[in-house]
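final_14.cif follows (mmCIF, C-alpha atoms, pLDDT in the B column; chains and numbers go by the auth columns):
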data_target
loop_
_atom_site.group_PDB
_atom_site.id
_atom_site.type_symbol
_atom_site.label_atom_id
_atom_site.label_comp_id
_atom_site.label_asym_id
_atom_site.label_seq_id
_atom_site.Cartn_x
_atom_site.Cartn_y
_atom_site.Cartn_z
_atom_site.B_iso_or_equiv
_atom_site.auth_seq_id
_atom_site.auth_asym_id
ATOM 1 C CA ASP A 1 5.959 10.584 18.186 61.00 1 A
ATOM 2 C CA PHE A 2 3.307 8.132 19.276 75.00 2 A
ATOM 3 C CA VAL A 3 -0.099 7.772 17.629 80.00 3 A
ATOM 4 C CA LEU A 4 -3.105 6.095 19.228 79.00 4 A
ATOM 5 C CA VAL A 5 -4.507 3.482 16.832 83.00 5 A
ATOM 6 C CA GLY A 6 -7.438 1.097 17.082 76.00 6 A
ATOM 7 C CA LEU A 7 -8.300 -1.832 14.844 70.00 7 A
ATOM 8 C CA ASN A 8 -11.637 -0.316 13.843 66.00 8 A
ATOM 9 C CA GLY A 9 -10.889 3.333 14.654 64.00 9 A
ATOM 10 C CA GLN A 10 -14.141 3.638 16.590 65.00 10 A
ATOM 11 C CA GLN A 11 -13.160 2.572 20.093 63.00 11 A
ATOM 12 C CA LEU A 12 -13.281 5.445 22.547 67.00 12 A
ATOM 13 C CA LEU A 13 -10.473 5.628 25.094 62.00 13 A
ATOM 14 C CA ASN A 14 -11.046 8.367 27.683 73.00 14 A
ATOM 15 C CA GLY A 15 -12.836 10.413 25.051 73.00 15 A
ATOM 16 C CA LEU A 16 -10.119 9.956 22.416 77.00 16 A
ATOM 17 C CA LYS A 17 -10.900 8.504 19.019 81.00 17 A
ATOM 18 C CA PRO A 18 -8.007 6.359 17.804 83.00 18 A
ATOM 19 C CA ILE A 19 -6.899 6.462 14.197 86.00 19 A
ATOM 20 C CA ALA A 20 -7.892 3.331 12.269 85.00 20 A
ATOM 21 C CA GLY A 21 -4.712 1.307 12.414 85.00 21 A
ATOM 22 C CA ALA A 22 -2.930 -1.792 13.574 81.00 22 A
ATOM 23 C CA PRO A 23 -0.075 -2.807 15.839 76.00 23 A
ATOM 24 C CA GLY A 24 3.168 -3.587 14.042 74.00 24 A
ATOM 25 C CA PRO A 25 5.126 -6.112 16.066 68.00 25 A
ATOM 26 C CA GLN A 26 8.406 -7.318 14.598 75.00 26 A
ATOM 27 C CA GLY A 27 10.378 -10.404 15.542 78.00 27 A
ATOM 28 C CA LEU A 28 14.019 -11.197 14.877 80.00 28 A
ATOM 29 C CA GLY A 29 13.149 -13.091 11.686 84.00 29 A
ATOM 30 C CA ASP A 30 10.834 -10.418 10.256 86.00 30 A
ATOM 31 C CA PRO A 31 11.717 -8.157 7.331 89.00 31 A
ATOM 32 C CA LEU A 32 13.489 -4.910 8.262 88.00 32 A
ATOM 33 C CA GLU A 33 13.305 -1.419 6.778 88.00 33 A
ATOM 34 C CA ASN A 34 15.521 -1.049 3.742 89.00 34 A
ATOM 35 C CA PHE A 35 15.421 2.048 1.589 87.00 35 A
ATOM 36 C CA GLY A 36 17.583 0.531 -1.146 89.00 36 A
ATOM 37 C CA LEU A 37 14.314 -0.629 -2.691 93.00 37 A
ATOM 38 C CA GLY A 38 12.831 1.887 -5.147 94.00 38 A
ATOM 39 C CA PHE A 39 9.153 2.388 -6.022 96.00 39 A
ATOM 40 C CA PHE A 40 8.586 4.026 -9.431 97.00 40 A
ATOM 41 C CA ARG A 41 5.600 4.817 -11.662 97.00 41 A
ATOM 42 C CA ILE A 42 4.482 1.784 -13.648 97.00 42 A
ATOM 43 C CA ASP A 43 4.191 4.134 -16.639 97.00 43 A
ATOM 44 C CA ASP A 44 6.860 6.836 -16.571 96.00 44 A
ATOM 45 C CA THR A 45 5.376 8.650 -19.585 97.00 45 A
ATOM 46 C CA VAL A 46 2.457 10.061 -17.535 97.00 46 A
ATOM 47 C CA PRO A 47 2.259 11.875 -14.169 97.00 47 A
ATOM 48 C CA ILE A 48 2.060 9.868 -10.944 96.00 48 A
ATOM 49 C CA SER A 49 -1.543 11.030 -10.459 95.00 49 A
ATOM 50 C CA ALA A 50 -2.673 9.831 -13.924 96.00 50 A
ATOM 51 C CA PHE A 51 -3.856 6.481 -15.256 95.00 51 A
ATOM 52 C CA PRO A 52 -2.371 3.841 -15.030 96.00 52 A
ATOM 53 C CA ASN A 53 -0.185 4.986 -12.103 97.00 53 A
ATOM 54 C CA ARG A 54 -3.272 5.906 -10.061 95.00 54 A
ATOM 55 C CA VAL A 55 -6.738 4.475 -10.730 94.00 55 A
ATOM 56 C CA TRP A 56 -9.998 5.415 -8.984 89.00 56 A
ATOM 57 C CA ASN A 57 -12.873 2.940 -9.396 86.00 57 A
ATOM 58 C CA GLU A 58 -16.183 4.328 -8.190 77.00 58 A
ATOM 59 C CA ASN A 59 -19.318 2.186 -8.168 70.00 59 A
ATOM 60 C CA GLU A 60 -22.636 4.027 -8.060 63.00 60 A
ATOM 61 C CA ASP A 61 -24.262 1.027 -6.321 61.00 61 A
ATOM 62 C CA GLU A 62 -21.793 1.104 -3.420 66.00 62 A
ATOM 63 C CA ASP A 63 -20.675 3.753 -0.934 71.00 63 A
ATOM 64 C CA VAL A 64 -17.090 2.553 -1.226 80.00 64 A
ATOM 65 C CA ALA A 65 -14.704 3.488 -4.022 88.00 65 A
ATOM 66 C CA ARG A 66 -11.420 1.728 -4.773 91.00 66 A
ATOM 67 C CA LEU A 67 -8.067 3.371 -5.292 92.00 67 A
ATOM 68 C CA GLN A 68 -5.214 1.452 -6.891 95.00 68 A
ATOM 69 C CA LEU A 69 -1.606 2.600 -7.015 96.00 69 A
ATOM 70 C CA PHE A 70 0.465 0.813 -9.649 97.00 70 A
ATOM 71 C CA ARG A 71 4.238 0.864 -9.201 97.00 71 A
ATOM 72 C CA THR A 72 7.406 -0.814 -10.413 97.00 72 A
ATOM 73 C CA VAL A 73 9.695 -1.979 -7.612 97.00 73 A
ATOM 74 C CA ARG A 74 13.454 -2.107 -8.270 97.00 74 A
ATOM 75 C CA ASN A 75 15.887 -3.949 -6.031 97.00 75 A
ATOM 76 C CA ASN A 76 18.840 -1.626 -5.442 95.00 76 A
ATOM 77 C CA THR A 77 19.721 -3.184 -2.062 94.00 77 A
ATOM 78 C CA GLY A 78 22.691 -5.176 -3.386 94.00 78 A
ATOM 79 C CA ALA A 79 21.235 -8.516 -2.196 95.00 79 A
ATOM 80 C CA THR A 80 18.485 -10.898 -3.287 96.00 80 A
ATOM 81 C CA ILE A 81 15.156 -10.170 -1.587 96.00 81 A
ATOM 82 C CA THR A 82 13.077 -13.166 -0.513 96.00 82 A
ATOM 83 C CA THR A 83 10.349 -11.231 1.351 95.00 83 A
ATOM 84 C CA LEU A 84 8.906 -7.825 0.462 96.00 84 A
ATOM 85 C CA ARG A 85 6.529 -6.053 2.803 95.00 85 A
ATOM 86 C CA ILE A 86 5.381 -2.436 2.999 96.00 86 A
ATOM 87 C CA ARG A 87 4.179 -0.648 6.132 94.00 87 A
ATOM 88 C CA PHE A 88 1.927 2.421 5.943 95.00 88 A
ATOM 89 C CA ILE A 89 3.530 5.209 7.981 93.00 89 A
ATOM 90 C CA ASP A 90 1.136 7.981 6.880 93.00 90 A
ATOM 91 C CA LEU A 91 -2.397 7.488 5.638 93.00 91 A
ATOM 92 C CA THR A 92 -5.586 9.523 5.502 92.00 92 A
ATOM 93 C CA THR A 93 -7.959 7.147 7.232 89.00 93 A
ATOM 94 C CA LEU A 94 -10.691 7.185 9.874 85.00 94 A
ATOM 95 C CA ASN A 95 -9.880 9.818 12.545 84.00 95 A
ATOM 96 C CA SER A 96 -6.554 10.806 10.969 86.00 96 A
ATOM 97 C CA PRO A 97 -5.722 14.531 11.172 82.00 97 A
ATOM 98 C CA VAL A 98 -7.316 16.615 8.414 80.00 98 A
ATOM 99 C CA VAL A 99 -4.856 18.539 6.262 70.00 99 A
ATOM 100 C CA GLY A 100 -6.069 21.581 4.341 68.00 100 A
ATOM 101 C CA SER A 101 -9.670 22.557 3.761 66.00 101 A
ATOM 102 C CA SER A 102 -10.668 20.156 0.984 74.00 102 A
ATOM 103 C CA ARG A 103 -12.650 16.969 1.439 81.00 103 A
ATOM 104 C CA GLN A 104 -10.384 14.169 2.627 86.00 104 A
ATOM 105 C CA ALA A 105 -10.692 10.537 1.571 87.00 105 A
ATOM 106 C CA ILE A 106 -10.778 7.875 4.266 90.00 106 A
ATOM 107 C CA LEU A 107 -8.538 5.087 2.973 92.00 107 A
ATOM 108 C CA TYR A 108 -8.305 1.486 4.137 92.00 108 A
ATOM 109 C CA PRO A 109 -5.617 -0.801 2.660 93.00 109 A
ATOM 110 C CA VAL A 110 -7.127 -4.059 1.355 93.00 110 A
ATOM 111 C CA SER A 111 -5.732 -7.136 -0.380 93.00 111 A
ATOM 112 C CA SER A 112 -5.335 -7.036 -4.154 92.00 112 A
ATOM 113 C CA ASN A 113 -5.713 -9.760 -6.762 88.00 113 A
ATOM 114 C CA ALA A 114 -2.662 -11.979 -7.071 85.00 114 A
ATOM 115 C CA PHE A 115 -2.129 -11.091 -10.745 87.00 115 A
ATOM 116 C CA GLU A 116 -3.690 -8.414 -12.904 84.00 116 A
ATOM 117 C CA GLY A 117 -3.030 -6.976 -16.357 91.00 117 A
ATOM 118 C CA VAL A 118 -2.529 -3.196 -16.650 93.00 118 A
ATOM 119 C CA GLN A 119 -2.413 -1.277 -19.924 94.00 119 A
ATOM 120 C CA THR A 120 0.589 1.083 -20.104 95.00 120 A
ATOM 121 C CA SER A 121 2.205 3.081 -22.913 95.00 121 A
ATOM 122 C CA LYS A 122 4.639 0.163 -23.321 92.00 122 A
ATOM 123 C CA GLY A 123 1.939 -2.515 -23.515 95.00 123 A
ATOM 124 C CA ILE A 124 0.103 -4.649 -20.976 95.00 124 A
ATOM 125 C CA LYS A 125 2.065 -5.333 -17.800 95.00 125 A
ATOM 126 C CA THR A 126 1.268 -8.123 -15.348 94.00 126 A
ATOM 127 C CA VAL A 127 1.239 -6.819 -11.790 96.00 127 A
ATOM 128 C CA ARG A 128 1.294 -8.654 -8.485 96.00 128 A
ATOM 129 C CA GLY A 129 -1.079 -7.574 -5.754 96.00 129 A
ATOM 130 C CA PHE A 130 -0.093 -6.894 -2.149 96.00 130 A
ATOM 131 C CA ARG A 131 -1.964 -8.940 0.480 95.00 131 A
ATOM 132 C CA LEU A 132 -2.938 -7.343 3.794 92.00 132 A
ATOM 133 C CA ASP A 133 -1.031 -9.022 6.625 90.00 133 A
ATOM 134 C CA PRO A 134 -3.171 -10.439 9.457 84.00 134 A
ATOM 135 C CA VAL A 135 -3.117 -8.543 12.740 71.00 135 A
ATOM 136 C CA PRO A 136 -2.157 -10.490 15.895 61.00 136 A
ATOM 137 C CA GLY A 137 -5.042 -11.279 18.236 57.00 137 A
ATOM 138 C CA PRO A 138 -8.713 -12.017 17.551 56.00 138 A
ATOM 139 C CA PRO A 139 -10.021 -11.963 13.973 58.00 139 A
ATOM 140 C CA THR A 140 -10.422 -8.399 12.735 58.00 140 A
ATOM 141 C CA SER A 141 -11.573 -6.491 9.693 64.00 141 A
ATOM 142 C CA ARG A 142 -10.338 -7.337 6.194 78.00 142 A
ATOM 143 C CA ARG A 143 -9.276 -3.681 5.958 84.00 143 A
ATOM 144 C CA GLY A 144 -6.133 -2.079 7.335 87.00 144 A
ATOM 145 C CA GLY A 145 -5.141 1.392 8.462 89.00 145 A
ATOM 146 C CA LEU A 146 -2.175 3.334 9.751 91.00 146 A
ATOM 147 C CA ASN A 147 0.793 1.034 10.492 90.00 147 A
ATOM 148 C CA SER A 148 -0.819 -1.887 8.632 91.00 148 A
ATOM 149 C CA SER A 149 1.536 -3.989 6.571 93.00 149 A
ATOM 150 C CA MET A 150 1.107 -5.771 3.241 94.00 150 A
ATOM 151 C CA THR A 151 3.224 -8.449 1.599 95.00 151 A
ATOM 152 C CA VAL A 152 3.617 -9.352 -2.071 96.00 152 A
ATOM 153 C CA ALA A 153 4.492 -12.799 -3.419 94.00 153 A
ATOM 154 C CA LEU A 154 7.891 -12.673 -5.099 95.00 154 A
ATOM 155 C CA PRO A 155 9.031 -14.845 -8.024 92.00 155 A
ATOM 156 C CA SER A 156 10.592 -18.185 -7.198 92.00 156 A
ATOM 157 C CA GLY A 157 14.109 -17.573 -5.924 92.00 157 A
ATOM 158 C CA GLY A 158 13.318 -14.004 -4.870 95.00 158 A
ATOM 159 C CA LEU A 159 14.091 -10.664 -6.483 96.00 159 A
ATOM 160 C CA PRO A 160 17.793 -10.367 -7.415 97.00 160 A
ATOM 161 C CA PRO A 161 19.699 -7.072 -7.114 96.00 161 A
ATOM 162 C CA CYS A 162 19.944 -4.747 -10.128 95.00 162 A
ATOM 163 C CA SER A 163 23.726 -4.650 -9.738 94.00 163 A
ATOM 164 C CA THR A 164 23.979 -8.301 -10.862 95.00 164 A
ATOM 165 C CA SER A 165 20.660 -8.934 -12.672 94.00 165 A
ATOM 166 C CA PRO A 166 19.501 -5.712 -14.364 94.00 166 A
ATOM 167 C CA ASN A 167 16.909 -7.510 -16.536 92.00 167 A
ATOM 168 C CA SER A 168 15.144 -9.344 -13.687 93.00 168 A
ATOM 169 C CA CYS A 169 15.528 -7.055 -10.654 95.00 169 A
ATOM 170 C CA SER A 170 12.176 -5.275 -10.969 96.00 170 A
ATOM 171 C CA LEU A 171 8.579 -6.244 -10.266 96.00 171 A
ATOM 172 C CA ASP A 172 5.270 -4.530 -11.137 97.00 172 A
ATOM 173 C CA VAL A 173 2.909 -4.304 -8.155 97.00 173 A
ATOM 174 C CA THR A 174 -0.386 -2.765 -7.064 96.00 174 A
ATOM 175 C CA MET A 175 -1.601 -1.460 -3.716 96.00 175 A
ATOM 176 C CA THR A 176 -5.378 -1.299 -3.300 95.00 176 A
ATOM 177 C CA PHE A 177 -7.442 0.829 -0.914 94.00 177 A
ATOM 178 C CA GLU A 178 -11.126 1.150 -0.157 92.00 178 A
ATOM 179 C CA ALA A 179 -12.080 4.834 0.025 89.00 179 A
ATOM 180 C CA GLU A 180 -14.990 6.520 1.804 83.00 180 A
ATOM 181 C CA PRO A 181 -15.583 9.073 0.240 74.00 181 A
ATOM 182 C CA THR A 182 -13.206 10.090 -2.512 72.00 182 A
ATOM 183 C CA GLY A 183 -11.206 13.270 -2.002 80.00 183 A
ATOM 184 C CA SER A 184 -7.681 14.421 -1.269 86.00 184 A
ATOM 185 C CA PHE A 185 -5.457 11.880 0.452 90.00 185 A
ATOM 186 C CA ARG A 186 -1.977 11.047 1.737 91.00 186 A
ATOM 187 C CA VAL A 187 -0.294 7.659 1.467 95.00 187 A
ATOM 188 C CA ALA A 188 3.276 6.993 2.577 95.00 188 A
ATOM 189 C CA TRP A 189 4.954 3.667 3.234 96.00 189 A
ATOM 190 C CA TRP A 190 8.359 2.246 3.850 93.00 190 A
ATOM 191 C CA PRO A 191 9.649 -1.048 2.467 95.00 191 A
ATOM 192 C CA GLU A 192 10.620 -3.915 4.745 95.00 192 A
ATOM 193 C CA VAL A 193 12.678 -6.719 3.227 94.00 193 A
ATOM 194 C CA LYS A 194 14.716 -9.790 4.043 93.00 194 A
#

Since I need it in another form, could you write the structure as structure tokens?
Amino acid sequence: DFVLVGLNGQQLLNGLKPIAGAPGPQGLGDPLENFGLGFFRIDDTVPISAFPNRVWNENEDEDVARLQLFRTVRNNTGATITTLRIRFIDLTTLNSPVVGSSRQAILYPVSSNAFEGVQTSKGIKTVRGFRLDPVPGPPTSRRGGLNSSMTVALPSGGLPPCSTSPNSCSLDVTMTFEAEPTGSFRVAWWPEVK
């Protein structure tokens, strides 16, 4: 299926409102989808919707809240990964279809801090933030949408496979979103690696 997306979600094309999103061109040297990479809760002792796996930060002085998803990535691909990117394939964002009858959050992926400490049941973990990839063409918003991609900086030498390096094949990461307003939401991505 095809979905009409626009960089700001507000351009009108023959009366249609595009979903806030971005083009996703891929060249021969770009990372490719690989589902051998696993995303797991950063703290497996609590539900995926609970702190610290999901964190809502609402500021009374601003109209925008922040949602952070903290995950542990494990390399089960069988090869060392030198580039890790995620692409949002489903996202409740501006003009996306409403599901159900509850209030729906409008999410925009944004860049995260490079390193951040997160308190878990097993102590403080250092996480790496995903950075929003620039969109080809003229300068655009610092926020993404449907089909946007984000890349995380990997350790020097890449992320080895768990089959050969079980103690160093995982990485703690965070994905950050601006939300207007808070409410129910959907977020789905697929990993792209090389």

**Message:** Need the shell around Lys122 in chain A: protein/DNA/RNA residues with any atom at most 10 Å away, counting only C-alpha atoms. Skip same-chain ones fewer than 5 positions apart. Format as JSON, numbers by chain?
**Reply:** {"A": [42, 43, 44, 45]}

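Here CA of Ile86 in chain A stands at a distance of 15.8 Å from CA of Ser170 in chain A.
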
For the provided coordinates, the residues matched by the PyMOL selection byres ((chain A and resi 113) around 12) should be stated as a ChimeraX atom specification. /A:68,110-112,114-117,126-132,152-153,173-176

Practice prompt. Mind giving me the straight-line distance from CA of Val99 in chain A to CA of Met150 in chain A in Å, one decimal?
Written response: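 Going from CA of Val99 in chain A over to CA of Met150 in chain A covers 25.2 Å.
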
From CA of Gly38 in chain A to CA of Gly158 in chain A the spacing works out at 15.9 Å

Ground truth for the PyMOL selection byres ((chain A and resi 142-144) around 6), written as a CSV table (one decimal) with C-alpha atoms, in the frame of the given file:
chain,number,residue,atom,x,y,z
A,108,TYR,CA,-8.3,1.5,4.1
A,109,PRO,CA,-5.6,-0.8,2.7
A,110,VAL,CA,-7.1,-4.1,1.4
A,141,SER,CA,-11.6,-6.5,9.7
A,145,GLY,CA,-5.1,1.4,8.5
A,148,SER,CA,-0.8,-1.9,8.6

Distance query 7 Å from (6.8, 2.5, 5.8) using only C-alpha atoms, result as a list of chain:residue names: A:Ile86, A:Arg87, A:Phe88, A:Ile89, A:Ala188, A:Trp189, A:Trp190, A:Pro191

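Here the question is which of A:Arg66, A:Leu171, A:Ser121, A:Pro134 gets nearest to Ser149 in chain A using only C-alpha atoms, and that residue is A:Pro134.
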
Determine, for each residue of range 88-129 of chain A having at least one atom at most 10 Å from an atom of range 21-31 of chain A, the closest pair of atoms and their separation in Å to one decimal, counting all atoms listed in the file; order by chain and ascending number, as JSON lines.
{"residue": "A:Phe88", "atom": "CA", "partner": "A:Gly21", "partner_atom": "CA", "distance": 9.3}
{"residue": "A:Leu91", "atom": "CA", "partner": "A:Gly21", "partner_atom": "CA", "distance": 9.5}
{"residue": "A:Thr93", "atom": "CA", "partner": "A:Gly21", "partner_atom": "CA", "distance": 8.5}
{"residue": "A:Leu94", "atom": "CA", "partner": "A:Gly21", "partner_atom": "CA", "distance": 8.8}
{"residue": "A:Asn95", "atom": "CA", "partner": "A:Gly21", "partner_atom": "CA", "distance": 10.0}
{"residue": "A:Ser96", "atom": "CA", "partner": "A:Gly21", "partner_atom": "CA", "distance": 9.8}
{"residue": "A:Tyr108", "atom": "CA", "partner": "A:Gly21", "partner_atom": "CA", "distance": 9.0}

Exercise for the section: Could you please give me, as number ranges by chain, the residues of protein, DNA or RNA lying at most 8 Å from (-13.9, 16.8, 0.4) in the coordinate frame of the file, considering all atoms listed in the file? Expected result: A: 101-105, 181-184

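For the residues A:Leu37, A:Leu32, A:Leu159, A:Leu69, ranking by smallest atom-to-atom distance to Ala50 in chain A using only C-alpha atoms places A:Leu69 first.
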